Each structure stands twice: as structure tokens, then as C-alpha cells.
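Engineer: Sending over model14.cif (mmCIF, C-alpha atoms and all ligand atoms).
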data_data
loop_
_atom_site.label_atom_id
_atom_site.label_comp_id
_atom_site.auth_asym_id
_atom_site.auth_seq_id
_atom_site.Cartn_x
_atom_site.Cartn_y
_atom_site.Cartn_z
CA MET A 1 -21.79 -2.17 9.60
CA LYS A 2 -19.34 -1.69 6.78
CA GLN A 3 -18.49 -4.81 4.78
CA ALA A 4 -15.13 -5.39 3.15
CA LEU A 5 -15.14 -4.83 -0.57
CA THR A 6 -14.89 -8.01 -2.64
CA VAL A 7 -13.01 -8.69 -5.85
CA PRO A 8 -16.21 -9.08 -7.93
CA ARG A 9 -17.53 -5.80 -6.49
CA LEU A 10 -14.31 -4.00 -7.49
CA LYS A 11 -14.85 -5.03 -11.10
CA THR A 12 -18.45 -3.81 -10.89
CA MET A 13 -17.21 -0.43 -9.68
CA LYS A 14 -15.27 -0.02 -12.91
CA ALA A 15 -18.28 -1.03 -15.00
CA GLN A 16 -20.40 1.52 -13.13
CA GLY A 17 -17.79 4.27 -13.44
CA LYS A 18 -17.28 4.50 -9.65
CA PRO A 19 -13.71 5.57 -8.75
CA ILE A 20 -11.74 3.29 -6.41
CA ALA A 21 -9.80 4.92 -3.55
CA VAL A 22 -6.71 3.04 -2.36
CA ILE A 23 -4.10 4.04 0.22
CA THR A 24 -1.10 2.18 1.59
CA ALA A 25 -0.86 1.37 5.30
CA TYR A 26 1.80 -0.50 7.22
CA ASP A 27 0.63 -0.80 10.81
CA HIS A 28 -2.36 -0.88 13.16
CA PRO A 29 -3.00 2.87 13.62
CA SER A 30 -2.60 3.75 9.93
CA ALA A 31 -4.92 0.90 8.90
CA MET A 32 -7.51 1.84 11.53
CA LEU A 33 -7.61 5.47 10.38
CA ALA A 34 -7.76 4.45 6.71
CA GLU A 35 -10.71 2.15 7.42
CA GLU A 36 -12.48 4.88 9.41
CA ALA A 37 -11.95 7.22 6.44
CA ASP A 38 -13.72 4.66 4.23
CA VAL A 39 -11.00 3.74 1.75
CA ASP A 40 -12.00 0.95 -0.63
CA VAL A 41 -8.74 -1.01 -0.44
CA ILE A 42 -5.63 -0.90 1.74
CA LEU A 43 -2.35 -1.82 0.07
CA VAL A 44 0.44 -3.04 2.32
CA GLY A 45 3.04 -1.77 -0.12
CA ASP A 46 6.68 -2.80 -0.15
CA SER A 47 7.18 0.99 -0.11
CA LEU A 48 7.24 0.27 3.63
CA GLY A 49 10.93 -0.41 2.96
CA ASN A 50 11.34 3.30 2.15
CA VAL A 51 8.84 5.01 4.45
CA VAL A 52 8.92 2.76 7.52
CA LEU A 53 12.17 0.78 7.49
CA GLY A 54 14.49 3.48 6.09
CA TYR A 55 15.91 1.58 3.10
CA ASP A 56 16.82 3.34 -0.16
CA THR A 57 14.87 0.90 -2.33
CA THR A 58 12.18 -1.76 -2.01
CA VAL A 59 14.75 -4.40 -3.01
CA PHE A 60 15.70 -4.90 0.66
CA VAL A 61 12.17 -5.81 1.78
CA LYS A 62 11.71 -9.48 2.77
CA LEU A 63 8.68 -11.74 2.82
CA GLU A 64 8.84 -11.77 6.65
CA ASP A 65 8.63 -7.94 6.71
CA MET A 66 5.48 -8.04 4.56
CA ILE A 67 3.89 -10.74 6.76
CA TYR A 68 4.67 -8.85 9.97
CA HIS A 69 3.25 -5.55 8.69
CA THR A 70 0.23 -7.16 7.02
CA ARG A 71 -0.77 -8.82 10.32
CA SER A 72 -0.92 -5.46 12.09
CA VAL A 73 -2.82 -3.85 9.19
CA VAL A 74 -5.46 -6.59 9.10
CA ARG A 75 -5.98 -6.26 12.87
CA GLY A 76 -6.44 -2.50 12.46
CA ALA A 77 -8.82 -2.69 9.48
CA PRO A 78 -10.92 -5.85 9.90
CA ARG A 79 -13.58 -4.64 7.44
CA THR A 80 -11.37 -3.52 4.57
CA MET A 81 -9.89 -5.44 1.66
CA VAL A 82 -6.14 -5.74 2.24
CA VAL A 83 -3.75 -6.37 -0.67
CA THR A 84 -0.09 -7.10 0.09
CA ASP A 85 2.89 -6.60 -2.23
CA MET A 86 4.93 -9.70 -2.94
CA PRO A 87 8.43 -8.36 -2.29
CA PHE A 88 11.49 -8.56 -4.55
CA ALA A 89 12.39 -12.05 -5.80
CA THR A 90 9.62 -13.88 -3.92
CA TYR A 91 7.87 -14.54 -7.25
CA ARG A 92 9.23 -15.33 -10.76
CA LEU A 93 10.42 -18.51 -9.04
CA GLY A 94 7.99 -20.71 -10.96
CA PRO A 95 4.31 -21.25 -10.19
CA GLU A 96 4.81 -23.57 -7.19
CA ALA A 97 7.36 -21.50 -5.28
CA THR A 98 5.41 -18.34 -6.06
CA LEU A 99 2.22 -19.94 -4.72
CA ARG A 100 4.03 -20.97 -1.54
CA ASN A 101 5.13 -17.38 -0.90
CA ALA A 102 1.76 -15.85 -1.78
CA ALA A 103 0.08 -18.36 0.55
CA ARG A 104 2.31 -17.24 3.41
CA LEU A 105 1.15 -13.63 2.92
CA MET A 106 -2.44 -14.86 3.20
CA GLN A 107 -2.14 -17.57 5.90
CA ASP A 108 0.49 -15.98 8.13
CA GLY A 109 -0.22 -12.34 7.22
CA GLY A 110 -3.98 -12.35 6.66
CA ALA A 111 -3.86 -10.60 3.27
CA HIS A 112 -6.90 -11.01 1.01
CA ALA A 113 -4.95 -10.60 -2.23
CA VAL A 114 -1.38 -10.09 -3.47
CA LYS A 115 0.28 -7.69 -5.92
CA LEU A 116 3.16 -8.54 -8.29
CA GLU A 117 5.22 -6.18 -10.45
CA GLY A 118 5.50 -7.20 -14.09
CA GLY A 119 3.79 -8.08 -17.36
CA ALA A 120 3.13 -10.99 -19.71
CA GLU A 121 6.14 -12.94 -18.39
CA LEU A 122 4.19 -13.49 -15.13
CA ALA A 123 1.15 -15.06 -16.82
CA ASP A 124 1.82 -18.67 -15.75
CA GLU A 125 2.45 -17.70 -12.15
CA ILE A 126 -0.62 -15.49 -11.98
CA ARG A 127 -2.80 -18.23 -13.47
CA HIS A 128 -1.51 -20.65 -10.83
CA LEU A 129 -2.20 -18.24 -7.95
CA VAL A 130 -5.69 -17.49 -9.26
CA SER A 131 -6.46 -21.19 -9.68
CA ALA A 132 -5.51 -21.65 -6.01
CA GLY A 133 -8.02 -18.96 -4.97
CA ILE A 134 -5.60 -16.07 -4.57
CA PRO A 135 -6.76 -12.78 -6.08
CA VAL A 136 -3.89 -11.08 -7.92
CA LEU A 137 -3.37 -7.37 -8.58
CA GLY A 138 -0.91 -6.55 -11.37
CA HIS A 139 1.52 -3.60 -11.45
CA LEU A 140 2.85 -2.02 -14.67
CA GLY A 141 4.79 1.10 -15.64
CA LEU A 142 7.40 2.10 -13.09
CA THR A 143 8.15 -1.10 -11.19
CA PRO A 144 10.38 0.01 -8.29
CA GLN A 145 11.72 -3.51 -7.62
CA SER A 146 13.53 -3.17 -10.99
CA VAL A 147 15.01 0.25 -10.20
CA HIS A 148 18.57 -1.02 -10.69
CA GLN A 149 17.68 -2.11 -14.20
CA ILE A 150 15.55 0.94 -15.08
CA GLY A 151 18.21 3.30 -13.72
CA GLY A 152 15.94 5.56 -11.69
CA TYR A 153 12.33 6.46 -11.06
CA LYS A 154 11.37 7.72 -14.52
CA VAL A 155 8.09 8.17 -16.34
CA GLN A 156 7.43 4.98 -18.34
CA GLY A 157 5.86 4.24 -21.71
CA LYS A 158 6.97 7.45 -23.43
CA SER A 159 8.00 5.84 -26.74
CA SER A 160 5.36 4.20 -28.90
CA ALA A 161 7.17 0.83 -28.67
CA GLU A 162 7.15 1.03 -24.84
CA ALA A 163 3.51 2.09 -24.86
CA GLU A 164 2.50 -0.80 -27.10
CA LYS A 165 4.32 -3.30 -24.91
CA LEU A 166 2.58 -1.89 -21.84
CA ILE A 167 -0.85 -2.28 -23.42
CA GLU A 168 -0.02 -5.89 -24.42
CA ASP A 169 1.18 -6.58 -20.87
CA ALA A 170 -2.07 -5.20 -19.44
CA LYS A 171 -4.11 -7.47 -21.70
CA ALA A 172 -1.93 -10.45 -20.73
CA LEU A 173 -2.46 -9.75 -17.02
CA GLU A 174 -6.22 -9.57 -17.54
CA GLN A 175 -6.11 -12.82 -19.55
CA ALA A 176 -4.13 -14.53 -16.78
CA GLY A 177 -6.86 -13.64 -14.29
CA ALA A 178 -5.61 -10.52 -12.47
CA PHE A 179 -8.52 -8.62 -10.88
CA GLY A 180 -6.93 -5.20 -11.44
CA ILE A 181 -3.68 -3.46 -12.37
CA VAL A 182 -1.71 -0.68 -10.69
CA LEU A 183 -0.37 1.76 -13.30
CA GLU A 184 2.60 3.69 -11.89
CA LEU A 185 4.30 6.79 -13.28
CA MET A 186 3.25 6.97 -16.94
CA THR A 187 1.63 9.54 -19.16
CA GLU A 188 -2.05 10.24 -18.64
CA GLU A 189 -2.61 9.42 -22.30
CA LEU A 190 -1.17 5.91 -22.01
CA ALA A 191 -2.87 5.11 -18.68
CA THR A 192 -6.20 6.17 -20.17
CA GLU A 193 -5.65 3.99 -23.20
CA VAL A 194 -4.75 1.00 -21.01
CA SER A 195 -7.81 1.60 -18.81
CA GLN A 196 -10.05 1.55 -21.89
CA ALA A 197 -8.39 -1.54 -23.38
CA ILE A 198 -9.19 -3.85 -20.43
CA SER A 199 -12.29 -4.59 -18.37
CA ILE A 200 -10.53 -4.98 -14.98
CA PRO A 201 -9.94 -1.76 -13.00
CA THR A 202 -6.71 0.24 -13.23
CA ILE A 203 -5.41 1.94 -10.09
CA GLY A 204 -3.14 4.85 -10.95
CA ILE A 205 -0.26 6.51 -9.13
CA GLY A 206 1.31 9.29 -11.15
CA ALA A 207 -0.75 8.03 -14.10
CA GLY A 208 -3.29 10.81 -14.50
CA ARG A 209 -7.05 11.14 -14.52
CA GLY A 210 -8.07 8.31 -16.83
CA CYS A 211 -7.57 5.44 -14.36
CA ASP A 212 -10.43 3.64 -12.60
CA GLY A 213 -8.96 4.38 -9.18
CA GLN A 214 -6.02 6.04 -7.48
CA VAL A 215 -3.45 4.97 -4.89
CA LEU A 216 -1.11 7.09 -2.78
CA VAL A 217 1.48 6.19 -0.17
CA TYR A 218 0.25 7.01 3.36
CA HIS A 219 3.32 9.01 4.33
CA ASP A 220 3.23 11.05 1.08
CA LEU A 221 -0.48 11.87 1.42
CA LEU A 222 0.04 13.04 5.01
CA ARG A 223 3.54 14.54 4.63
CA TYR A 224 4.56 12.28 7.46
CA GLY A 225 8.26 11.61 8.04
CA SER A 226 10.23 10.22 5.13
CA GLY A 227 8.56 10.07 1.75
CA ILE A 228 8.74 11.40 -1.79
CA ARG A 229 6.28 14.18 -0.94
CA ASP A 230 7.52 17.01 -3.15
CA LYS A 231 7.12 14.97 -6.34
CA LYS A 232 4.66 16.08 -8.99
CA MET A 233 2.52 12.95 -8.66
CA VAL A 234 1.88 13.43 -4.92
CA LYS A 235 -0.77 15.58 -3.31
CA SER A 236 -0.34 16.04 0.44
CA TYR A 237 -3.65 16.54 2.21
CA ALA A 238 -2.08 17.32 5.59
CA ASN A 239 1.30 18.10 7.12
CA ILE A 240 1.53 15.56 9.92
CA GLY A 241 5.33 15.70 10.04
CA ASP A 242 5.26 19.33 11.20
CA THR A 243 2.54 18.57 13.75
CA VAL A 244 4.45 15.62 15.23
CA ARG A 245 7.79 17.44 15.30
CA SER A 246 6.46 20.50 17.09
CA ALA A 247 4.46 18.40 19.59
CA ILE A 248 7.58 16.40 20.50
CA ALA A 249 9.65 19.59 20.71
CA GLU A 250 7.10 21.07 23.12
CA TYR A 251 7.20 17.91 25.25
CA VAL A 252 11.01 18.02 25.38
CA SER A 253 10.95 21.66 26.35
CA GLU A 254 8.36 21.06 29.10
CA VAL A 255 10.44 18.23 30.55
CA LYS A 256 13.53 20.47 30.56
CA THR A 257 11.66 23.33 32.25
CA ARG A 258 9.82 20.94 34.59
CA ALA A 259 6.46 22.18 33.25
CA PHE A 260 5.51 18.52 32.67
CA PRO A 261 4.37 16.51 34.56
CA GLU A 262 1.97 18.60 36.62
CA GLU A 263 0.18 17.61 39.81
CA LYS A 264 -2.77 16.27 37.75
CA HIS A 265 -0.51 13.78 36.00
CA SER A 266 0.90 12.49 39.29
CA PHE A 267 -0.28 9.88 41.83
CA THR A 268 -0.50 9.88 45.63
CA VAL A 269 -1.37 7.12 48.15
CA LYS A 270 -4.88 8.64 48.33
CA GLU A 271 -5.57 7.77 44.69
CA SER A 272 -9.31 7.42 43.91
CA PRO A 273 -10.51 4.02 45.30
CA GLU A 274 -12.69 3.09 42.28
CA ASN A 275 -9.54 2.88 40.15
CA GLN A 276 -7.63 0.64 42.52
CA ASN A 277 -8.65 -2.77 41.22
CA ALA A 278 -10.00 -1.86 37.80
CA PRO A 279 -9.39 -4.63 35.29
CA VAL A 280 -6.64 -3.84 32.83
CA LYS A 281 -7.84 -3.48 29.23
CA LEU A 282 -5.28 -4.98 26.90
CA TYR A 283 -5.44 -4.03 23.25
CA GLY A 284 -6.08 -6.89 20.87
CA GLY A 285 -6.13 -9.37 23.76
CA ASP A 286 -7.63 -12.35 21.97
CA LYS A 287 -6.76 -11.42 18.43
CA GLN A 288 -4.10 -13.05 16.27
N1 LIG A 301 7.21 7.41 -0.27
C1 LIG A 301 7.10 6.65 -1.36
N2 LIG A 301 6.12 6.88 -2.23
C2 LIG A 301 5.98 6.12 -3.35
O1 LIG A 301 5.06 6.37 -4.14
C3 LIG A 301 6.91 5.05 -3.56
C4 LIG A 301 7.92 4.85 -2.62
N3 LIG A 301 8.02 5.66 -1.52
N4 LIG A 301 8.84 3.85 -2.74
C5 LIG A 301 8.64 2.83 -3.75
C6 LIG A 301 8.09 3.43 -4.95
C7 LIG A 301 9.04 4.36 -5.65
N5 LIG A 301 8.14 5.31 -6.24
C8 LIG A 301 8.49 6.49 -6.87
C9 LIG A 301 9.69 7.09 -6.60
C10 LIG A 301 10.03 8.29 -7.23
C11 LIG A 301 9.16 8.86 -8.13
C12 LIG A 301 9.54 10.14 -8.81
O2 LIG A 301 10.68 10.54 -8.79
N6 LIG A 301 8.56 10.81 -9.45
C13 LIG A 301 8.73 12.10 -10.12
C14 LIG A 301 8.73 11.93 -11.63
C15 LIG A 301 10.08 11.66 -12.22
C16 LIG A 301 10.11 11.98 -13.71
O3 LIG A 301 9.68 13.08 -14.07
O4 LIG A 301 10.57 11.12 -14.50
C17 LIG A 301 7.56 13.02 -9.81
O5 LIG A 301 7.77 14.25 -9.85
O6 LIG A 301 6.44 12.52 -9.51
C18 LIG A 301 7.95 8.26 -8.38
C19 LIG A 301 7.61 7.07 -7.75
C20 LIG A 301 6.78 4.96 -5.94
N7 LIG A 301 6.90 4.24 -4.69
C1 LIG A 302 2.96 2.74 -4.72
C2 LIG A 302 2.23 1.45 -4.60
C3 LIG A 302 1.47 1.09 -5.81
C4 LIG A 302 3.17 0.34 -4.20
O1 LIG A 302 3.46 -0.59 -4.90
C5 LIG A 302 3.77 0.44 -2.85
O2 LIG A 302 3.34 1.26 -2.03
O3 LIG A 302 4.70 -0.33 -2.60
MG MG A 303 5.11 -1.69 -4.16
#
Will you turn the file into C-alpha cells for me?
Ligand SMILES: Nc1nc(=O)c2c([nH]1)NC[C@@H]1CN(c3ccc(C(=O)N[C@@H](CCC(=O)O)C(=O)O)cc3)CN21
Ligand SMILES: CC(C)C(=O)C(=O)O
Ligand SMILES: [Mg+2]
Structural biologist:
Amino acid sequence: MKQALTVPRLKTMKAQGKPIAVITAYDHPSAMLAEEADVDVILVGDSLGNVVLGYDTTVFVKLEDMIYHTRSVVRGAPRTMVVTDMPFATYRLGPEATLRNAARLMQDGGAHAVKLEGGAELADEIRHLVSAGIPVLGHLGLTPQSVHQIGGYKVQGKSSAEAEKLIEDAKALEQAGAFGIVLELMTEELATEVSQAISIPTIGIGAGRGCDGQVLVYHDLLRYGSGIRDKKMVKSYANIGDTVRSAIAEYVSEVKTRAFPEEKHSFTVKESPENQNAPVKLYGGDKQ
């Protein structure tokens, strides 16, 4: 049976040149399908604010939202490493308060690791989390929680000063004990340079071919409902949105024309006796 990937094993994958496949998931069915498809890591991203909760930015996402969604993901993918985003302003509060919030994601949510957006300025907090046994994934480049400061979702690290700072930040995150770093929306050149400058794996999104792994948002990859699907950095491997819309439209039309339900979907008093007292199977009956 498949075993969840461990943090030490992730680092080995980089050393061995084995690419790491990460996808986001936010609920039980998405996590289950991701695990069945053999992803290495599931990220419960705060992008759930955009693709599941309908907010404009991830700034609105609360710690309770992340806990609630992480619980359902962990139940759906019991044999996969699950990393949860610390949402806006639940870190940078000092090492103790940051640890308290990260611990809630693990104890109440069931996450195996947490992700924080930012660079060298987070070193003390990351060191404290790591010393408490919490694996930390970094996140550099476009950091969507700072969208109001950045002024939009733009490619990062284009100037040489920006690029140098990003490389220094990556080294600082590694020094502080992060087990990997997400590199979001930067030139392929810079992401490759960062990946070569550190020994922990980089997971790219819109960061080109030189990263040690890749991550995509579930709804973008599947073209499912709301997402940023038509962006250059996204590849959609299916068009689930169209499939769902036309299936629901067909259902509506069959209800209106009375084509559904048919006799075979309906019950009579002579219903088959073996079904009469069958025990009810409840999903997740004894699980958390
Ligand atoms: N559905 C979804 N997917 C994501 O990847 C995602 C979210 N939501 N929400 C939170 C952040 C925001 N992200 C974003 C949002 C926009 C771009 C974007 O506009 N990308 C353009 C490049 C822009 C440029 O050229 O400067 C692209 O074409 O890829 C990228 C990442 C990534 N995250
Ligand atoms: C895009 C990934 C890296 C993320 O942070 C998220 O889904 O929230
Ligand atoms: Mg995020």
C-alpha cells in the first residue's frame, strides 16, 4: 500500500533529480482523486478563497477556513503528505503566536506541514516552528497575500536587484530550516538559478522548467468552475466545467420534460425484500 511521502524523502528526490508533483485540493473528493492519481504532495492552498469561497483575493481567508478544509482533505487522502497554507496575518506575529496558529492547522486540521509566504524576515518564526517539529514550506516570488502592496499579479524578480534579493531570501529560508520553497510567477532563468543555489527542493508555479517540482491549482488544471485558467502559466488537462454544466443542464431539461425519474428510479410497496433492512453505510462513520 502507498505510503505518504516524508520530508526527508522529498529532499532525496531533489538530490536524485526526481521531479515532485504537487496539486492543491480543498475537500474530500478532490483529495481522494489526487491521491488515487499518485500526486506526491497535496497543498491545501489559501487559493481556496478564490476557487471555492468566491473571494477576490486570499486576504479574506481565515485560519478556521484552512482548518475546516484541511480536515476534509486529510480524510480524503490518508496516505498523502498534506501541506496547508497559513493564511493572511496568522504569522509574522512573533514566533509564539505563529507557532500557536501553525499548531492549530496540524492538531485541529491534520496538516503534516505548513506554508508561509515571505523571505528572510520570517527566519525567526520558521526556526521556531521547525524546532517544535513543524515542517515548513517557504513561498517566494509572487506572494498573493501581499497583492495590495504589489499592485497586481505580476511576474517577479525581473530586475537584477529583485533577483538578487530573491536568491538571498531562498538561502535564508533554507538556513532557517524550511524543507522546500514554492517559487511563484518568476522568470525561468531566476527560478533555475534559485533551484541551483539551494539544496532543498523548489516547487514552481509559473516559474518554468528549472524547478525541482511543479504545483497547479486543482480548478485551473481541470478547468473547473472559477479559476485563472486562461493564464500563460496554467495548463488545463481536462474541461470539467463544461462536463458539469452540460450534465446539470440535461438533468434540468429531463425534469422539465418529465423524462426523469423513470420507473427504474422509483419505488413501490413490493420493493425487493433483501433491501428492506440492509444496514445503512455512512461515509466516514468513525473518522474525525
Ligand atoms: N485559480 C487560482 N490559481 C492560482 O494559481 C492562484 C489563485 N487562484 N489565487 C491565489 C493565487 C493568485 N495567483 C495568480 C494570479 C494571477 C496570475 C496571473 O495573472 N498570471 C499571468 C501573468 C501575469 C504577467 O504576465 O505579469 C499569466 O499569464 O500566467 C498568476 C498567479 C496564483 N494563485
Ligand atoms: C498556488 C499555490 C502555491 C498556493 O499558494 C495556493 O494554492 O494557495
Ligand atoms: Mg497560497
Engineer: So which residues fall inside 10 Å of (5.1, 8.0, -2.2) if we count all atoms listed in the file? Mind giving them as a VMD selection string?
Structural biologist: chain A and resid 24 47 to 48 50 to 51 205 to 206 215 to 221 223 226 to 231 233 to 235
Engineer: Just the selected residues (C-alpha atoms), exported as a tab-separated table (two decimals), in the frame of the given file, please.
Structural biologist:
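Written output follows (part_32.tsv):
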chain	number	residue	atom	x	y	z
A	24	THR	CA	-1.10	2.18	1.59
A	47	SER	CA	7.18	0.99	-0.11
A	48	LEU	CA	7.24	0.27	3.63
A	50	ASN	CA	11.34	3.30	2.15
A	51	VAL	CA	8.84	5.01	4.45
A	205	ILE	CA	-0.26	6.51	-9.13
A	206	GLY	CA	1.31	9.29	-11.15
A	215	VAL	CA	-3.45	4.97	-4.89
A	216	LEU	CA	-1.11	7.09	-2.78
A	217	VAL	CA	1.48	6.19	-0.17
A	218	TYR	CA	0.25	7.01	3.36
A	219	HIS	CA	3.32	9.01	4.33
A	220	ASP	CA	3.23	11.05	1.08
A	221	LEU	CA	-0.48	11.87	1.42
A	223	ARG	CA	3.54	14.54	4.63
A	226	SER	CA	10.23	10.22	5.13
A	227	GLY	CA	8.56	10.07	1.75
A	228	ILE	CA	8.74	11.40	-1.79
A	229	ARG	CA	6.28	14.18	-0.94
A	230	ASP	CA	7.52	17.01	-3.15
A	231	LYS	CA	7.12	14.97	-6.34
A	233	MET	CA	2.52	12.95	-8.66
A	234	VAL	CA	1.88	13.43	-4.92
A	235	LYS	CA	-0.77	15.58	-3.31
Engineer: Select the residues contacting ligand LIG 302 (chain A) at a distance of at most 10 Å, based on all atoms listed in the file, then format the selection as an MDAnalysis selection string.
Structural biologist: chainID A and resid 22:26 42:51 58 84:87 115:117 138:140 142:145 181:185 203:206 214:218
Engineer: Expressed in Å to a single decimal, how great is the separation between atom C12 of ligand LIG 301 (chain A) and atom CA of A:Ala238?
Structural biologist: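 Atom-to-atom, atom C12 of ligand LIG 301 (chain A) and atom CA of A:Ala238 are spaced 19.8 Å apart.
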Engineer: Return the single residue from A:Ile67, A:Ala207, A:Val61, A:Ala21 that is closest to A:Met81, with distances computed using all atoms listed in the file.
Structural biologist: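 That would be A:Ala21, the residue with the smallest distance to A:Met81.
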Engineer: Which residue is closest to ligand LIG 301 (chain A)? Choose from A:Arg104, A:Lys154, A:Arg209, A:His265 and count all atoms listed in the file.
Structural biologist: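 Checking each of A:Arg104, A:Lys154, A:Arg209, A:His265 against ligand LIG 301 (chain A), counting all atoms listed in the file, the winner is A:Lys154.
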Engineer: Just the residues within 10 Å of A:Val7, please, counting all atoms listed in the file, with nothing from its chain fewer than 2 positions along; format it as a ChimeraX atom specification.
Structural biologist: /A:4-5,9-12,81,112-113,135-136,179-180
Engineer: Tell me which of A:Glu162, A:Glu64, A:Asp27, A:Glu193 sits closest to A:Leu105, counting all atoms listed in the file.
Structural biologist: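 For A:Leu105, the nearest of the given residues is A:Glu64.
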Engineer: Of the candidates A:Ser146, A:Ser72, A:Thr80, A:Thr243, which shows the shortest atom-to-atom distance to ligand MG 303 (chain A), using only C-alpha atoms and all ligand atoms?
Structural biologist: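 Using only C-alpha atoms and all ligand atoms, ligand MG 303 (chain A) sits closest to A:Ser146.
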Engineer: Taking all atoms listed in the file into account, which of A:Ile248, A:Val83, A:Leu99, A:Ile126 comes nearest ligand MG 303 (chain A)?
Structural biologist: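 For ligand MG 303 (chain A), the nearest of the candidates is A:Val83.
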Engineer: Enter the distance from atom CA of A:Lys14 to atom CA of A:Ser199, in Å, rounded to one decimal.
Structural biologist: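 It comes out at 7.7 Å.
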Engineer: Rounded to one decimal place, report the atom CA of A:Pro201-atom CA of A:Ser30 distance in Å.
Structural biologist: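 These two atoms are separated by 24.7 Å.
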Engineer: Name all residues at most 9 Å from A:Pro19 (count only C-alpha atoms; drop same-chain ones fewer than 3 positions away) and give them as a PyMOL selection string.
Structural biologist: chain A and resi 13-14+16+211-214
Engineer: Would you put the residues from that selection into a file with C-alpha atoms, as a PDB file, in the coordinates of the input?
Structural biologist:
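result-v6.pdb, freshly written:
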ATOM      1  CA  MET A  13     -17.210  -0.430  -9.680  1.00  0.00           C
ATOM      2  CA  LYS A  14     -15.270  -0.020 -12.910  1.00  0.00           C
ATOM      3  CA  GLN A  16     -20.400   1.520 -13.130  1.00  0.00           C
ATOM      4  CA  CYS A 211      -7.570   5.440 -14.360  1.00  0.00           C
ATOM      5  CA  ASP A 212     -10.430   3.640 -12.600  1.00  0.00           C
ATOM      6  CA  GLY A 213      -8.960   4.380  -9.180  1.00  0.00           C
ATOM      7  CA  GLN A 214      -6.020   6.040  -7.480  1.00  0.00           C
TER       8      GLN A 214
END
Engineer: Could you check the closest approach to ligand MG 303 (chain A) for each of A:Gly109, A:Gly94, A:Gly76, A:Gly118 and tell me which residue wins, using all atoms listed in the file?
Structural biologist: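 Selected residue with least distance to ligand MG 303 (chain A): A:Gly118.
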Engineer: Kindly complete stretch 127-150 of chain A to N, CA and C atoms; the output should be written as an mmCIF file, in the coordinates of the input.
Structural biologist:
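And here's part13.cif as it stands now:
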data_model
loop_
_atom_site.group_PDB
_atom_site.id
_atom_site.type_symbol
_atom_site.label_atom_id
_atom_site.label_comp_id
_atom_site.auth_asym_id
_atom_site.auth_seq_id
_atom_site.Cartn_x
_atom_site.Cartn_y
_atom_site.Cartn_z
ATOM 1 N N ARG A 127 -1.759 -17.210 -13.251
ATOM 2 C CA ARG A 127 -2.800 -18.230 -13.470
ATOM 3 C C ARG A 127 -2.815 -19.257 -12.339
ATOM 4 N N HIS A 128 -1.625 -19.660 -11.895
ATOM 5 C CA HIS A 128 -1.510 -20.650 -10.830
ATOM 6 C C HIS A 128 -2.048 -20.086 -9.507
ATOM 7 N N LEU A 129 -1.702 -18.858 -9.183
ATOM 8 C CA LEU A 129 -2.200 -18.240 -7.950
ATOM 9 C C LEU A 129 -3.728 -18.142 -7.999
ATOM 10 N N VAL A 130 -4.240 -17.674 -9.130
ATOM 11 C CA VAL A 130 -5.690 -17.490 -9.260
ATOM 12 C C VAL A 130 -6.413 -18.832 -9.152
ATOM 13 N N SER A 131 -5.814 -19.871 -9.733
ATOM 14 C CA SER A 131 -6.460 -21.190 -9.680
ATOM 15 C C SER A 131 -6.475 -21.719 -8.241
ATOM 16 N N ALA A 132 -5.553 -21.223 -7.415
ATOM 17 C CA ALA A 132 -5.510 -21.650 -6.010
ATOM 18 C C ALA A 132 -6.412 -20.771 -5.140
ATOM 19 N N GLY A 133 -7.098 -19.797 -5.744
ATOM 20 C CA GLY A 133 -8.020 -18.960 -4.970
ATOM 21 C C GLY A 133 -7.411 -17.676 -4.465
ATOM 22 N N ILE A 134 -6.264 -17.303 -5.005
ATOM 23 C CA ILE A 134 -5.600 -16.070 -4.570
ATOM 24 C C ILE A 134 -5.855 -14.954 -5.576
ATOM 25 N N PRO A 135 -6.571 -13.909 -5.160
ATOM 26 C CA PRO A 135 -6.760 -12.780 -6.080
ATOM 27 C C PRO A 135 -5.438 -12.034 -6.299
ATOM 28 N N VAL A 136 -5.174 -11.702 -7.560
ATOM 29 C CA VAL A 136 -3.890 -11.080 -7.920
ATOM 30 C C VAL A 136 -4.111 -9.704 -8.545
ATOM 31 N N LEU A 137 -3.395 -8.720 -8.008
ATOM 32 C CA LEU A 137 -3.370 -7.370 -8.580
ATOM 33 C C LEU A 137 -2.052 -7.235 -9.341
ATOM 34 N N GLY A 138 -2.123 -6.761 -10.581
ATOM 35 C CA GLY A 138 -0.910 -6.550 -11.370
ATOM 36 C C GLY A 138 -0.322 -5.161 -11.088
ATOM 37 N N HIS A 139 0.842 -4.895 -11.654
ATOM 38 C CA HIS A 139 1.520 -3.600 -11.450
ATOM 39 C C HIS A 139 2.430 -3.352 -12.650
ATOM 40 N N LEU A 140 2.095 -2.342 -13.445
ATOM 41 C CA LEU A 140 2.850 -2.020 -14.670
ATOM 42 C C LEU A 140 3.313 -0.564 -14.649
ATOM 43 N N GLY A 141 4.245 -0.256 -15.550
ATOM 44 C CA GLY A 141 4.790 1.100 -15.640
ATOM 45 C C GLY A 141 6.070 1.137 -14.850
ATOM 46 N N LEU A 142 6.229 2.107 -13.956
ATOM 47 C CA LEU A 142 7.400 2.100 -13.090
ATOM 48 C C LEU A 142 7.240 0.968 -12.084
ATOM 49 N N THR A 143 8.173 0.025 -12.117
ATOM 50 C CA THR A 143 8.150 -1.100 -11.190
ATOM 51 C C THR A 143 9.393 -0.965 -10.312
ATOM 52 N N PRO A 144 9.220 -0.382 -9.107
ATOM 53 C CA PRO A 144 10.380 0.010 -8.290
ATOM 54 C C PRO A 144 11.325 -1.138 -7.933
ATOM 55 N N GLN A 145 10.828 -2.385 -7.927
ATOM 56 C CA GLN A 145 11.720 -3.510 -7.620
ATOM 57 C C GLN A 145 12.787 -3.687 -8.709
ATOM 58 N N SER A 146 12.555 -3.089 -9.901
ATOM 59 C CA SER A 146 13.530 -3.170 -10.990
ATOM 60 C C SER A 146 14.322 -1.876 -11.150
ATOM 61 N N VAL A 147 14.382 -1.079 -10.089
ATOM 62 C CA VAL A 147 15.010 0.250 -10.200
ATOM 63 C C VAL A 147 16.455 0.156 -10.670
ATOM 64 N N HIS A 148 17.159 -0.903 -10.292
ATOM 65 C CA HIS A 148 18.570 -1.020 -10.690
ATOM 66 C C HIS A 148 18.727 -1.310 -12.177
ATOM 67 N N GLN A 149 17.658 -1.861 -12.771
ATOM 68 C CA GLN A 149 17.680 -2.110 -14.200
ATOM 69 C C GLN A 149 17.195 -0.880 -14.971
ATOM 70 N N ILE A 150 16.147 -0.226 -14.417
ATOM 71 C CA ILE A 150 15.550 0.940 -15.080
ATOM 72 C C ILE A 150 16.500 2.135 -14.993
#
